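S.K.: Contents of work.cif (mmCIF, C-alpha atoms):
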```
data_query
loop_
_atom_site.label_atom_id
_atom_site.label_comp_id
_atom_site.auth_asym_id
_atom_site.auth_seq_id
_atom_site.Cartn_x
_atom_site.Cartn_y
_atom_site.Cartn_z
CA MET P 46 -177.43 104.12 35.73
CA PRO P 47 -180.82 102.66 36.76
CA LEU P 48 -181.72 102.25 40.41
CA ARG P 49 -182.38 98.55 40.03
CA SER P 50 -182.68 95.75 37.51
CA ASP P 51 -185.78 95.41 35.35
CA TRP P 52 -187.31 91.97 35.94
CA SER P 53 -190.64 92.72 34.23
CA GLU P 54 -189.87 90.46 31.24
CA ARG P 55 -188.54 87.46 33.18
CA THR P 56 -190.16 84.08 32.63
CA CYS P 57 -190.46 83.55 36.41
CA SER P 58 -193.71 84.83 37.98
CA LEU P 59 -191.90 85.50 41.28
CA ALA P 60 -189.32 87.68 39.51
CA ARG P 61 -192.03 89.66 37.68
CA GLY P 62 -193.95 90.17 40.93
CA LEU P 63 -190.82 91.25 42.77
CA ASP P 64 -190.19 93.78 40.02
CA ILE P 65 -193.17 95.69 41.44
CA LEU P 66 -193.65 94.50 45.03
CA GLY P 67 -190.02 93.73 45.92
CA ASP P 68 -188.91 97.32 46.37
CA PRO P 69 -189.00 98.30 50.09
CA TRP P 70 -190.00 101.91 49.40
CA GLY P 71 -192.78 100.82 47.04
CA SER P 72 -194.18 98.34 49.57
CA LEU P 73 -194.03 100.95 52.31
CA VAL P 74 -195.90 103.41 50.07
CA LEU P 75 -198.57 100.73 49.59
CA ARG P 76 -198.69 100.27 53.38
CA GLU P 77 -199.38 103.97 53.80
CA VAL P 78 -202.13 103.98 51.19
CA PHE P 79 -203.72 100.90 52.81
CA PHE P 80 -203.66 102.89 56.08
CA GLY P 81 -205.60 105.64 54.24
CA ASN P 82 -202.58 107.92 54.05
CA GLY P 83 -202.60 108.81 50.34
CA ARG P 84 -201.40 112.40 50.20
CA PHE P 85 -197.83 113.03 49.04
CA ASP P 86 -196.73 115.15 52.00
CA ALA P 87 -198.31 112.78 54.54
CA ILE P 88 -196.61 109.74 52.96
CA LYS P 89 -193.31 111.64 52.84
CA THR P 90 -193.55 112.60 56.50
CA ARG P 91 -194.50 109.11 57.69
CA LEU P 92 -191.76 107.38 55.69
CA GLY P 93 -189.07 110.05 56.09
CA VAL P 94 -188.31 109.73 52.38
CA ALA P 95 -186.92 112.32 49.96
CA ASP P 96 -189.31 113.90 47.43
CA ASN P 97 -187.54 112.38 44.42
CA VAL P 98 -187.46 108.86 45.89
CA LEU P 99 -191.16 109.03 46.77
CA SER P 100 -192.06 110.49 43.38
CA LYS P 101 -190.24 107.67 41.61
CA ARG P 102 -191.98 104.97 43.68
CA LEU P 103 -195.39 106.58 43.21
CA GLY P 104 -194.71 106.73 39.48
CA TRP P 105 -193.85 103.01 39.40
CA LEU P 106 -196.98 102.12 41.36
CA LEU P 107 -199.13 104.29 39.08
CA GLU P 108 -197.55 102.82 35.95
CA ALA P 109 -197.98 99.28 37.31
CA GLY P 110 -201.66 100.01 37.96
CA LEU P 111 -201.59 99.47 41.74
CA LEU P 112 -202.39 103.10 42.52
CA ALA P 113 -204.40 105.82 40.84
CA GLN P 114 -204.79 109.51 41.56
CA ARG P 115 -207.93 111.23 42.82
CA PRO P 116 -208.34 115.02 43.00
CA TYR P 117 -208.99 116.76 46.30
CA THR P 118 -209.19 120.43 47.25
CA ASP P 119 -206.51 121.92 49.48
CA GLY P 120 -207.77 125.44 50.12
CA ALA P 121 -208.11 127.01 46.68
CA ARG P 122 -205.82 124.42 45.01
CA VAL P 123 -206.85 121.12 43.50
CA ARG P 124 -204.25 118.48 44.30
CA GLN P 125 -203.99 114.72 43.77
CA GLU P 126 -204.05 111.99 46.37
CA TYR P 127 -203.12 108.37 45.77
CA VAL P 128 -205.71 105.63 46.11
CA LEU P 129 -205.65 101.90 45.63
CA THR P 130 -206.90 100.27 42.47
CA ILE P 131 -208.37 96.77 42.47
CA LYS P 132 -204.93 95.54 41.36
CA GLY P 133 -203.35 97.37 44.30
CA GLU P 134 -205.94 96.02 46.72
CA ASP P 135 -205.07 92.51 45.47
CA ALA P 136 -201.52 93.04 46.82
CA LEU P 137 -202.89 92.86 50.40
CA PRO P 138 -202.06 89.16 50.96
CA VAL P 139 -198.44 89.84 49.95
CA LEU P 140 -198.12 92.65 52.51
CA ASN P 141 -199.98 90.57 55.11
CA ALA P 142 -197.54 87.70 54.52
CA ILE P 143 -194.54 89.98 55.06
CA ILE P 144 -196.06 91.35 58.29
CA ILE P 145 -196.89 87.88 59.63
CA TRP P 146 -193.50 86.42 58.64
CA SER P 147 -191.68 89.37 60.19
CA GLU P 148 -193.61 89.09 63.46
CA LYS P 149 -192.84 85.36 63.61
CA HIS P 150 -189.15 85.40 62.66
CA LEU P 151 -187.64 88.84 63.34
CA ASP P 152 -186.94 90.51 66.65
CA ALA P 153 -188.70 93.83 67.18
CA PRO P 154 -186.41 96.73 68.15
CA ALA P 155 -188.92 97.95 70.78
CA ASP P 156 -191.96 96.67 72.69
CA ASN P 157 -194.31 98.78 70.56
CA ALA P 158 -192.69 97.82 67.22
CA HIS P 159 -195.27 95.18 66.37
CA MET P 160 -197.97 94.95 63.77
CA ARG P 161 -200.79 92.42 63.59
CA VAL P 162 -203.19 91.46 60.80
CA ILE P 163 -206.71 91.39 62.26
CA HIS P 164 -209.81 89.84 60.66
CA ASN P 165 -212.64 92.25 61.51
CA GLY P 166 -215.28 89.51 61.34
CA CYS P 167 -213.99 87.62 64.36
CA GLY P 168 -211.77 90.37 65.76
CA LEU P 169 -208.74 88.09 66.11
CA PRO P 170 -205.20 88.35 64.73
CA THR P 171 -204.53 85.86 61.97
CA ALA P 172 -201.48 83.74 61.24
CA SER P 173 -202.42 83.44 57.56
CA ALA P 174 -202.03 86.11 54.88
CA ASP P 175 -205.17 85.43 52.84
CA THR P 176 -207.56 83.52 55.11
CA CYS P 177 -208.37 84.08 58.78
CA SER P 178 -206.66 81.32 60.72
CA HIS P 179 -209.48 81.38 63.31
CA CYS P 180 -212.73 81.45 61.35
CA GLY P 181 -211.59 80.58 57.81
CA SER P 182 -212.96 83.72 56.12
CA ARG P 183 -211.10 85.12 53.13
CA LEU P 184 -209.19 88.29 54.08
CA THR P 185 -209.87 91.40 51.99
CA ALA P 186 -209.08 95.07 52.52
CA ALA P 187 -212.75 95.58 53.42
CA ASN P 188 -212.69 93.03 56.29
CA THR P 189 -209.11 93.38 57.53
CA SER P 190 -207.43 95.82 59.90
CA TRP P 191 -203.78 96.29 60.73
CA HIS P 192 -202.85 96.93 64.32
CA SER P 193 -199.61 98.88 64.36
CA LEU P 194 -198.76 99.69 67.95
CA THR P 195 -196.71 102.69 66.82
CA ARG P 196 -199.81 104.22 65.18
CA SER P 197 -202.74 103.41 67.43
CA GLU P 198 -203.91 101.52 70.49
CA HIS P 199 -206.60 99.97 68.30
CA PRO P 200 -206.58 98.20 64.91
CA LEU P 201 -207.05 100.53 61.95
CA ALA P 202 -209.40 99.61 59.10
CA LEU P 203 -207.72 99.39 55.72
CA ALA P 204 -208.52 101.54 52.71
CA THR P 205 -210.14 99.91 49.72
CA ALA P 206 -210.19 100.82 46.04
CA PRO P 207 -212.80 103.55 45.47
CA ILE P 208 -215.89 102.76 43.45
CA LEU P 209 -215.42 104.60 40.16
CA ALA P 210 -218.97 106.00 40.03
CA THR P 211 -218.59 107.83 43.35
CA ALA P 212 -214.86 108.56 43.43
CA PRO P 213 -213.30 109.38 40.06
CA ILE P 214 -209.65 108.45 39.83
CA LEU P 215 -207.01 109.47 37.34
CA ALA P 216 -204.31 107.10 36.13
CA THR P 217 -201.72 109.78 35.48
CA ALA P 218 -198.10 110.24 36.42
CA PRO P 219 -197.24 112.00 39.67
CA THR P 220 -196.90 115.75 39.46
CA LEU P 221 -193.40 115.89 40.96
CA ALA P 222 -190.43 114.86 38.83
CA ALA P 223 -189.27 111.29 39.40
CA VAL P 224 -185.53 111.69 39.82
CA ALA P 225 -183.35 108.95 41.30
CA LEU P 226 -181.37 109.63 44.45
CA PRO P 227 -177.84 108.24 44.29
CA ASN P 228 -177.77 107.17 47.96
CA GLU P 229 -181.17 106.14 49.26
CA SER P 230 -181.37 105.57 52.99
CA GLU P 231 -183.14 102.67 54.67
CA PRO P 232 -186.97 102.93 54.86
CA SER P 233 -188.42 103.60 58.31
CA ALA P 234 -191.38 101.70 59.76
#
```
Would you put the structure from the file into structure tokens?
M.R.:
Amino acid sequence: MPLRSDWSERTCSLARGLDILGDPWGSLVLREVFFGNGRFDAIKTRLGVADNVLSKRLGWLLEAGLLAQRPYTDGARVRQEYVLTIKGEDALPVLNAIIIWSEKHLDAPADNAHMRVIHNGCGLPTASADTCSHCGSRLTAANTSWHSLTRSEHPLALATAPILATAPILATAPTLAAVALPNESEPSA
């Protein structure tokens, strides 16, 4: 039995978008990659997710073209890390909107459980997902930081899609098997 419904062929744009960006684990994986945390074990540790659940989400994000793989050396081994593609970078306003909406409408479980979207140009938090609500500049991964109080005292610059000429990326499936877990637990922040 599949983990979820396939909405990729629906006539509604929202349904097709939710098919990729509506999965909590998938969106949290994107959050980690935007934070520059693209290695499997680091993502797994930060999210507290099982190997098979993470492998499946990484596979979906690779297949959808939001992530790609880039080789790196770990001692004598060559391994793969996950990086944003231009398509993945274009998901930033969606994630920004969720952060801003959550901060506005949901109670935080602790004083440090807040996250702000910061426009680097003016240094102020924004109340808009795609344009700085203070100076009007368009928000991109290159000019936006996220300030997660559980991660840092200061805003953290976001990762951007690598330039192909200087950072080769591979659009291949993840190396670990993508096996569904029957009882997935709730994603952690």
S.K.: Looking at all atoms listed in the file, which of P:Ala174, P:Ala155, P:Val74, P:Leu59 is the one that sits closest to P:Asn141?
M.R.: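 Of P:Ala174, P:Ala155, P:Val74, P:Leu59, the one nearest P:Asn141 is P:Ala174, counting all atoms listed in the file.
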S.K.: For this file, the PyMOL selection byres ((chain P and resi 119-132) around 8) selects which residues, as a PyMOL selection string?
M.R.: chain P and resi 78-79+83-85+110-118+133-136+204-207+214
S.K.: Could you please determine the separation between atom CA of P:Gly168 and atom CA of P:Leu184 in Å, to one decimal place?
M.R.: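 Between atom CA of P:Gly168 and atom CA of P:Leu184 the gap is 12.1 Å.
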S.K.: Please indicate the distance in Å from atom CA of P:Leu73 to atom CA of P:Ser182, rounded to one decimal place.
M.R.: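 Between these atoms lies a distance of 25.9 Å.
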S.K.: Using all atoms listed in the file, can you tell me which of P:Cys167, P:Leu194, P:Ile145, P:Ile65 comes closest to P:Leu107?
M.R.: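 Residue with the minimum atom-to-atom distance to P:Leu107: P:Ile65.
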S.K.: Between atom CA of P:Pro170 and atom CA of P:Glu77, what distance in Å does the model show, to one decimal?
M.R.: 19.9 Å
S.K.: Apply the PyMOL selection byres ((chain P and resi 67) around 12) to the file shown and report the selected residues as a list in words.
M.R.: Arg49, Ser50, Asp51, Trp52, Ser53, Leu59, Ala60, Arg61, Gly62, Leu63, Asp64, Ile65, Leu66, Asp68, Pro69, Trp70, Gly71, Ser72, Leu73, Leu75, Arg102, Trp105, Leu106, Ala136, Val139, Leu140 and Ile143 of chain P
S.K.: Which one is closest to P:Ala172: P:Ala109, P:Met160, P:Ile88, P:Ala142? Count only C-alpha atoms.
M.R.: P:Ala142
S.K.: Let me make sure I understand: among P:Ser147, P:Asn165, P:Thr90, P:Thr171, which one has the smallest atom-to-atom distance to P:Ala187 if we use all atoms listed in the file?
M.R.: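 Answer, going by the shortest atom-to-atom distance: P:Asn165.
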